[in-house]
$ cat entry-v4.csv   # CSV, C-alpha atoms and all ligand atoms
chain,number,residue,atom,x,y,z
J,29,MET,CA,0.0,0.0,0.0
J,30,LYS,CA,1.2,3.5,-0.7
J,31,ARG,CA,2.3,5.5,2.3
J,32,LEU,CA,-0.4,8.2,2.1
J,33,GLN,CA,-3.2,6.1,0.7
J,34,ASN,CA,-6.6,7.5,1.8
J,35,LYS,CA,-5.0,10.5,3.3
J,36,THR,CA,-5.9,14.1,2.6
J,37,ALA,CA,-3.1,16.7,2.9
J,38,LEU,CA,-3.1,20.5,2.8
J,39,ILE,CA,0.0,22.2,1.5
J,40,THR,CA,0.3,25.9,1.9
J,41,GLY,CA,2.2,27.5,-1.0
J,42,GLY,CA,1.7,24.3,-2.9
J,43,ASN,CA,1.8,26.0,-6.3
J,44,SER,CA,5.5,26.5,-6.4
J,45,GLY,CA,9.0,25.1,-5.5
J,46,ILE,CA,9.2,22.8,-2.5
J,47,GLY,CA,5.4,22.9,-1.9
J,48,PHE,CA,4.7,21.8,-5.4
J,49,ALA,CA,7.3,19.0,-5.4
J,50,THR,CA,5.8,17.8,-2.1
J,51,ALA,CA,2.3,17.8,-3.6
J,52,GLN,CA,3.7,15.6,-6.4
J,53,ASP,CA,5.3,13.3,-3.9
J,54,PHE,CA,2.2,13.1,-1.7
J,55,ILE,CA,0.1,12.3,-4.8
J,56,ALA,CA,2.5,9.6,-5.9
J,57,GLU,CA,2.1,8.1,-2.4
J,58,GLY,CA,-1.7,8.0,-2.8
J,59,ALA,CA,-2.8,11.2,-1.1
J,60,THR,CA,-5.5,13.6,-2.1
J,61,VAL,CA,-3.8,17.0,-2.0
J,62,ILE,CA,-5.2,20.5,-1.4
J,63,ILE,CA,-2.8,23.1,-2.3
J,64,THR,CA,-3.0,26.8,-1.6
J,65,GLY,CA,-1.6,29.6,-3.7
J,66,ARG,CA,-2.0,33.3,-3.7
J,67,THR,CA,-3.9,33.7,-6.9
J,68,GLN,CA,-6.6,31.8,-8.7
J,69,ALA,CA,-4.4,31.6,-11.8
J,70,SER,CA,-1.4,30.0,-9.9
J,71,VAL,CA,-3.7,27.6,-8.1
J,72,ASP,CA,-5.5,26.5,-11.3
J,73,ALA,CA,-2.2,26.0,-13.2
J,74,ALA,CA,-0.7,23.9,-10.4
J,75,VAL,CA,-3.9,21.8,-9.9
J,76,LYS,CA,-4.0,21.2,-13.6
J,77,GLU,CA,-0.4,20.0,-13.6
J,78,LEU,CA,-0.9,17.9,-10.5
J,79,GLY,CA,-3.9,16.0,-11.9
J,80,PRO,CA,-7.1,14.6,-10.5
J,81,GLN,CA,-5.9,14.0,-7.0
J,82,ALA,CA,-5.3,17.7,-6.5
J,83,LYS,CA,-7.6,20.5,-5.4
J,84,GLY,CA,-6.9,24.1,-4.8
J,85,ILE,CA,-7.7,27.0,-2.5
J,86,VAL,CA,-6.7,30.6,-3.0
J,87,LEU,CA,-5.1,31.8,0.3
J,88,ASP,CA,-2.9,34.8,1.1
J,89,VAL,CA,-1.6,34.1,4.6
J,90,SER,CA,-0.8,37.7,5.2
J,91,ASP,CA,-4.6,38.4,5.3
J,92,MET,CA,-6.3,37.2,8.5
J,93,ASN,CA,-9.7,37.4,6.9
J,94,GLN,CA,-8.6,34.8,4.3
J,95,ILE,CA,-7.1,32.6,7.0
J,96,LYS,CA,-10.3,32.8,9.0
J,97,ALA,CA,-12.2,31.6,5.8
J,98,LEU,CA,-9.8,28.7,5.3
J,99,ARG,CA,-11.6,26.1,7.4
J,100,ASP,CA,-14.9,26.7,5.6
J,101,LYS,CA,-13.2,26.5,2.3
J,102,LEU,CA,-11.6,23.2,3.3
J,103,LYS,CA,-14.9,21.8,4.6
J,104,ALA,CA,-16.3,22.4,1.1
J,105,LEU,CA,-13.6,20.1,-0.3
J,106,THR,CA,-13.0,17.5,2.5
J,107,PRO,CA,-14.4,16.4,5.8
J,108,ILE,CA,-11.0,15.9,7.3
J,109,VAL,CA,-7.3,16.9,6.8
J,110,ASN,CA,-4.7,14.3,7.9
J,111,THR,CA,-1.6,16.3,7.2
J,112,ILE,CA,-0.7,20.0,6.9
J,113,PHE,CA,2.6,21.0,5.3
J,114,ILE,CA,3.2,24.6,6.5
J,115,ASN,CA,5.3,25.7,3.6
J,116,ALA,CA,4.2,29.2,2.4
J,117,GLY,CA,6.9,31.6,3.1
J,118,ILE,CA,8.9,34.6,1.9
J,119,ALA,CA,12.5,35.5,2.2
J,120,LYS,CA,13.8,39.1,2.0
J,121,PHE,CA,17.3,40.2,2.7
J,122,SER,CA,18.4,43.5,4.3
J,123,SER,CA,21.1,44.7,6.6
J,124,ILE,CA,19.8,45.8,10.0
J,125,ASP,CA,20.9,49.3,9.1
J,126,GLN,CA,18.6,49.4,6.1
J,127,ALA,CA,15.7,47.3,7.4
J,128,THR,CA,12.3,49.0,7.6
J,129,GLU,CA,9.3,48.2,9.7
J,130,GLU,CA,7.6,46.9,6.5
J,131,HIS,CA,10.5,44.5,5.9
J,132,PHE,CA,10.1,43.1,9.4
J,133,ASP,CA,6.3,43.0,9.5
J,134,GLU,CA,5.9,41.5,6.1
J,135,GLN,CA,8.1,38.5,6.9
J,136,PHE,CA,6.7,37.9,10.4
J,137,ASN,CA,3.2,38.2,9.1
J,138,VAL,CA,3.6,35.7,6.3
J,139,ASN,CA,6.1,33.3,7.8
J,140,VAL,CA,5.0,33.2,11.5
J,141,LYS,CA,1.6,34.7,12.0
J,142,GLY,CA,0.2,33.2,8.7
J,143,ALA,CA,1.6,29.8,9.6
J,144,TYR,CA,0.4,29.9,13.2
J,145,PHE,CA,-3.2,30.8,12.4
J,146,SER,CA,-3.4,28.5,9.4
J,147,ILE,CA,-2.6,25.6,11.7
J,148,GLN,CA,-5.2,26.9,14.2
J,149,GLN,CA,-7.9,26.9,11.4
J,150,VAL,CA,-7.2,23.4,10.2
J,151,LEU,CA,-6.7,21.7,13.6
J,152,LEU,CA,-10.4,21.2,14.1
J,153,LEU,CA,-10.5,19.1,10.9
J,154,MET,CA,-7.6,16.9,12.0
J,155,PRO,CA,-8.4,13.5,13.4
J,156,GLU,CA,-6.2,11.4,15.7
J,157,GLY,CA,-3.1,10.2,13.9
J,158,SER,CA,-2.7,13.4,11.9
J,159,THR,CA,0.6,15.1,11.2
J,160,ILE,CA,1.9,18.6,10.9
J,161,VAL,CA,5.1,19.4,9.1
J,162,LEU,CA,6.7,22.9,9.3
J,163,ASN,CA,9.1,24.1,6.7
J,164,THR,CA,11.8,26.1,8.5
J,165,SER,CA,15.3,26.8,7.2
J,166,ILE,CA,18.9,26.3,7.8
J,167,ASN,CA,18.9,30.1,8.4
J,168,ALA,CA,17.4,29.3,11.8
J,169,HIS,CA,20.9,27.8,12.7
J,170,ILE,CA,23.5,29.8,10.9
J,171,GLY,CA,24.5,33.5,11.0
J,172,MET,CA,24.0,34.7,7.5
J,173,PRO,CA,24.5,38.4,7.1
J,174,ASN,CA,21.4,40.4,5.9
J,175,ALA,CA,19.1,37.6,6.7
J,176,SER,CA,18.3,38.5,10.3
J,177,VAL,CA,14.5,39.0,10.0
J,178,TYR,CA,14.0,35.9,7.7
J,179,SER,CA,16.2,33.8,10.0
J,180,ALA,CA,14.2,34.9,13.1
J,181,THR,CA,10.9,34.0,11.5
J,182,LYS,CA,12.3,30.5,10.8
J,183,ALA,CA,13.8,30.2,14.2
J,184,ALA,CA,10.3,30.7,15.6
J,185,PHE,CA,9.3,27.4,14.1
J,186,LEU,CA,12.0,25.6,16.1
J,187,THR,CA,10.1,26.3,19.3
J,188,LEU,CA,6.7,26.0,17.7
J,189,VAL,CA,7.5,22.4,16.6
J,190,ARG,CA,8.2,21.5,20.2
J,191,THR,CA,5.4,23.4,22.0
J,192,LEU,CA,2.8,22.3,19.5
J,193,SER,CA,4.1,18.7,19.7
J,194,ALA,CA,3.5,18.8,23.5
J,195,GLU,CA,0.2,20.5,23.2
J,196,LEU,CA,-1.2,18.2,20.4
J,197,LEU,CA,0.2,14.9,21.6
J,198,PRO,CA,-3.0,14.2,23.7
J,199,ARG,CA,-4.8,14.4,20.4
J,200,LYS,CA,-2.3,12.1,18.8
J,201,ILE,CA,-1.2,14.7,16.3
J,202,ARG,CA,2.5,14.7,15.6
J,203,VAL,CA,4.4,17.8,14.7
J,204,ASN,CA,7.9,17.8,13.0
J,205,ALA,CA,10.0,20.2,11.0
J,206,VAL,CA,12.3,20.1,8.0
J,207,SER,CA,15.1,22.7,7.7
J,208,PRO,CA,16.3,23.0,4.1
J,209,GLY,CA,19.6,24.5,3.1
J,210,PRO,CA,19.7,26.3,-0.3
J,211,VAL,CA,17.2,24.6,-2.6
J,212,GLY,CA,16.8,25.7,-6.3
J,213,THR,CA,13.3,27.2,-6.4
J,214,PRO,CA,11.7,30.5,-7.6
J,215,LEU,CA,12.3,31.9,-4.0
J,216,TYR,CA,15.5,33.4,-5.2
J,217,ASN,CA,13.9,35.5,-7.9
J,218,LYS,CA,11.7,37.0,-5.2
J,219,LEU,CA,14.4,38.1,-2.7
J,220,GLY,CA,14.5,41.6,-3.9
J,221,VAL,CA,18.0,41.2,-5.2
J,222,PRO,CA,18.6,42.8,-8.6
J,223,GLN,CA,18.5,40.2,-11.5
J,224,GLU,CA,22.1,40.9,-12.5
J,225,GLN,CA,23.4,40.0,-9.0
J,226,LEU,CA,21.3,36.8,-8.7
J,227,ALA,CA,23.8,34.5,-10.5
J,228,GLN,CA,26.6,35.8,-8.3
J,229,LEU,CA,24.6,35.3,-5.2
J,230,ALA,CA,23.6,31.8,-6.3
J,231,GLU,CA,27.3,31.0,-6.9
J,232,HIS,CA,28.3,32.4,-3.5
J,233,ILE,CA,25.6,30.4,-1.7
J,234,GLY,CA,26.4,27.2,-3.7
J,235,ASN,CA,30.1,27.5,-2.7
J,236,GLN,CA,29.1,27.3,0.9
J,237,VAL,CA,27.3,23.9,0.5
J,238,PRO,CA,29.8,21.1,1.2
J,239,ILE,CA,28.0,18.7,-1.1
J,240,GLY,CA,28.7,21.2,-3.9
J,241,ARG,CA,25.2,22.1,-5.1
J,242,PHE,CA,21.8,23.5,-4.3
J,243,GLY,CA,19.2,20.9,-3.1
J,244,ARG,CA,16.4,19.9,-5.3
J,245,PRO,CA,12.8,20.5,-4.2
J,246,GLU,CA,12.0,16.8,-4.5
J,247,GLU,CA,14.8,16.0,-2.1
J,248,ILE,CA,12.9,18.0,0.6
J,249,ALA,CA,9.6,16.6,-0.5
J,250,LYS,CA,10.8,13.1,0.4
J,251,ILE,CA,11.5,14.2,3.9
J,252,VAL,CA,8.1,15.8,4.3
J,253,THR,CA,6.5,12.6,3.1
J,254,PHE,CA,8.4,10.7,5.7
J,255,PHE,CA,7.1,13.0,8.5
J,256,ALA,CA,3.6,12.9,7.1
J,257,SER,CA,3.4,9.1,6.9
J,258,ASP,CA,3.5,6.4,9.6
J,259,ASP,CA,7.1,5.7,8.6
J,260,SER,CA,7.9,8.4,11.2
J,261,SER,CA,5.4,7.2,13.8
J,262,PHE,CA,7.9,7.4,16.7
J,263,VAL,CA,9.2,10.9,15.6
J,264,VAL,CA,7.7,13.8,17.5
J,265,GLY,CA,8.9,17.4,17.8
J,266,ALA,CA,11.9,16.6,15.7
J,267,GLU,CA,13.8,18.7,13.1
J,268,LEU,CA,15.5,17.2,10.1
J,269,ILE,CA,18.2,19.4,8.6
J,270,ALA,CA,18.7,18.8,4.9
J,271,ASP,CA,21.4,21.2,3.8
J,272,GLY,CA,24.1,19.3,2.1
J,273,GLY,CA,26.3,19.6,5.2
J,274,MET,CA,26.2,23.4,5.3
J,275,SER,CA,25.5,23.8,9.0
J,276,THR,CA,27.6,21.0,10.3
J,277,LEU,CA,30.7,20.3,8.1
Y,301,LIG,N1,14.5,27.6,-1.5
Y,301,LIG,C1,15.3,27.6,-0.4
Y,301,LIG,O1,16.5,27.6,-0.5
Y,301,LIG,C2,14.7,27.4,0.9
Y,301,LIG,C3,15.5,27.0,2.0
Y,301,LIG,C4,15.0,26.9,3.3
Y,301,LIG,C5,13.7,27.1,3.5
Y,301,LIG,N2,12.8,27.4,2.4
Y,301,LIG,C6,11.4,27.6,2.7
Y,301,LIG,O2,10.7,26.8,1.9
Y,301,LIG,C7,9.4,27.4,1.7
Y,301,LIG,C8,9.0,27.3,0.3
Y,301,LIG,O3,9.8,28.1,-0.5
Y,301,LIG,P1,10.4,27.7,-1.9
Y,301,LIG,O4,11.8,27.8,-1.9
Y,301,LIG,O5,9.7,26.6,-2.5
Y,301,LIG,O6,10.0,29.1,-2.7
Y,301,LIG,P2,8.7,29.4,-3.6
Y,301,LIG,O7,8.7,28.6,-4.8
Y,301,LIG,O8,8.8,30.9,-3.8
Y,301,LIG,O9,7.5,29.0,-2.7
Y,301,LIG,C9,7.0,29.8,-1.7
Y,301,LIG,C10,5.5,29.6,-1.7
Y,301,LIG,O10,4.9,30.4,-0.6
Y,301,LIG,C11,3.9,31.2,-1.2
Y,301,LIG,N3,3.6,32.5,-0.5
Y,301,LIG,C12,4.5,33.5,-0.4
Y,301,LIG,N4,3.8,34.5,0.2
Y,301,LIG,C13,2.6,34.0,0.5
Y,301,LIG,C14,1.5,34.6,1.2
Y,301,LIG,N5,1.5,35.8,1.7
Y,301,LIG,N6,0.4,33.8,1.3
Y,301,LIG,C15,0.3,32.6,0.8
Y,301,LIG,N7,1.4,32.0,0.2
Y,301,LIG,C16,2.5,32.7,0.0
Y,301,LIG,C17,4.4,31.4,-2.6
Y,301,LIG,O11,3.3,31.9,-3.5
Y,301,LIG,P3,3.6,32.7,-4.8
Y,301,LIG,O12,4.0,31.6,-5.8
Y,301,LIG,O13,2.4,33.4,-5.1
Y,301,LIG,O14,4.8,33.6,-4.6
Y,301,LIG,C18,4.8,30.1,-3.0
Y,301,LIG,O15,3.8,29.2,-3.3
Y,301,LIG,C19,9.5,28.8,2.3
Y,301,LIG,O16,8.8,28.8,3.5
Y,301,LIG,C20,10.9,29.0,2.4
Y,301,LIG,O17,11.2,29.9,3.5
Y,301,LIG,C21,13.3,27.6,1.2

$ encode --input "entry-v4.csv" --output "structure tokens" --more "lines below"
Ligand SMILES: NC(=O)c1ccc[n+]([C@@H]2O[C@H](COP(=O)([O-])OP(=O)(O)OC[C@H]3O[C@@H](n4cnc5c(N)ncnc54)[C@H](OP(=O)(O)O)[C@@H]3O)[C@@H](O)[C@H]2O)c1
Amino acid sequence: MKRLQNKTALITGGNSGIGFATAQDFIAEGATVIITGRTQASVDAAVKELGPQAKGIVLDVSDMNQIKALRDKLKALTPIVNTIFINAGIAKFSSIDQATEEHFDEQFNVNVKGAYFSIQQVLLLMPEGSTIVLNTSINAHIGMPNASVYSATKAAFLTLVRTLSAELLPRKIRVNAVSPGPVGTPLYNKLGVPQEQLAQLAEHIGNQVPIGRFGRPEEIAKIVTFFASDDSSFVVGAELIADGGMSTL
């Protein structure tokens, strides 16, 4: 039997990058997948590519009204959700000297507040045996210049994974986290770095990865599938760092 047969999963930011690759892997493992994306067009395009086991919801997690509507939108598609992959996120770089209140609020709103209240909305639909997977980042562990706000948002997940694990264990819901190092996704085009500097930045980052390359979205997806499935039934409140050795070698 496939590892996620008869399971329904919600993936925030499932239209792109790691979220999309995870949707593909979940579907290959038998799940029905509901992805969220910020626009109807991006959701429709992803659902079309993912095929009949995929459904979509438009959700901008920076908007609390949209988050509050999430549970009802889900209920229109499914009675239960067995897994949530909290993946929607943004990364913006700035020195502390240049950082604005908007820079700070935008990232905390999307990455932390959006994640937190998305989980809150979905929890009531989650039966015993469900799983939650948080997508944090290697930035929660390393000191990368100009990434202070982004890194702090991801570090917040490291405590969340433990506190929610303790809180939700009586309901037999397991919470775990994956912390990717650099992964080749559209995220890098959205950093706010001028296009002409992107290749240089990518080379600079790539050189810091001992394995000698960026990760691939599907390599992270496999880890999420492990946490989402019963293969990880004894794993609670854990973090798996997948960074090509960047933080440890
Ligand atoms: N790539 C890496 O090197 C790396 C490393 C460590 C951790 N991560 C984390 O992995 C996650 C996925 O990123 P990715 O690399 O796969 O990049 P990505 O392709 O840009 O995916 C990010 C996803 O989040 C969505 N999103 C952004 N803002 C949102 C909002 N306000 N409301 C709802 N959805 C929103 C994006 O929607 P749009 O398509 O509309 O922008 C997209 O679907 C992020 O949380 C990121 O921090 C990435």

$ closest_residue --input "entry-v4.csv" --among "J:Leu78, J:Gly212, J:Tyr144, J:Thr159" --to "Ala184 (chain J)" --atoms "only C-alpha atoms"
J:Tyr144

$ residues_around --input "entry-v4.csv" --residues "region 79-88 of chain J" --least-positions-apart "4" --cutoff "7 Å" --atoms "all atoms listed in the file" --output "NGL selection string"
:J and (55 or 60-68 or 71 or 75 or 94)

$ write_last_selection --input "entry-v4.csv" --atoms "C-alpha atoms" --output "PDB file, in the coordinates of the input"
ATOM      1  CA  ILE J  55       0.100  12.300  -4.800  1.00  0.00           C
ATOM      2  CA  THR J  60      -5.500  13.600  -2.100  1.00  0.00           C
ATOM      3  CA  VAL J  61      -3.800  17.000  -2.000  1.00  0.00           C
ATOM      4  CA  ILE J  62      -5.200  20.500  -1.400  1.00  0.00           C
ATOM      5  CA  ILE J  63      -2.800  23.100  -2.300  1.00  0.00           C
ATOM      6  CA  THR J  64      -3.000  26.800  -1.600  1.00  0.00           C
ATOM      7  CA  GLY J  65      -1.600  29.600  -3.700  1.00  0.00           C
ATOM      8  CA  ARG J  66      -2.000  33.300  -3.700  1.00  0.00           C
ATOM      9  CA  THR J  67      -3.900  33.700  -6.900  1.00  0.00           C
ATOM     10  CA  GLN J  68      -6.600  31.800  -8.700  1.00  0.00           C
ATOM     11  CA  VAL J  71      -3.700  27.600  -8.100  1.00  0.00           C
ATOM     12  CA  VAL J  75      -3.900  21.800  -9.900  1.00  0.00           C
ATOM     13  CA  GLN J  94      -8.600  34.800   4.300  1.00  0.00           C
TER      14      GLN J  94
END

$ residues_near_ligand --input "entry-v4.csv" --ligand "ligand LIG 301 (chain Y)" --cutoff "7 Å" --atoms "only C-alpha atoms and all ligand atoms" --output "PyMOL selection string"
chain J and resi 40-47+65-67+70+87-90+115-119+138-139+163-166+207-216+218

$ residues_near_point --input "entry-v4.csv" --point "(-4.8, 38.3, 13.5)" --cutoff "10 Å" --atoms "all atoms listed in the file" --output "list in words"
Ser90, Asp91, Met92, Asn93, Ile95, Lys96, Asn137, Lys141, Gly142, Tyr144 and Phe145 of chain J

$ atom_distance --input "entry-v4.csv" --atom1 "CA of Gly272 (chain J)" --atom2 "CA of Glu247 (chain J)"
10.7 Å

$ atom_distance --input "entry-v4.csv" --atom1 "CA of Arg199 (chain J)" --atom2 "CA of Val264 (chain J)"
12.8 Å

$ atom_distance --input "entry-v4.csv" --atom1 "CA of Ala270 (chain J)" --atom2 "CA of Gly243 (chain J)"
8.3 Å
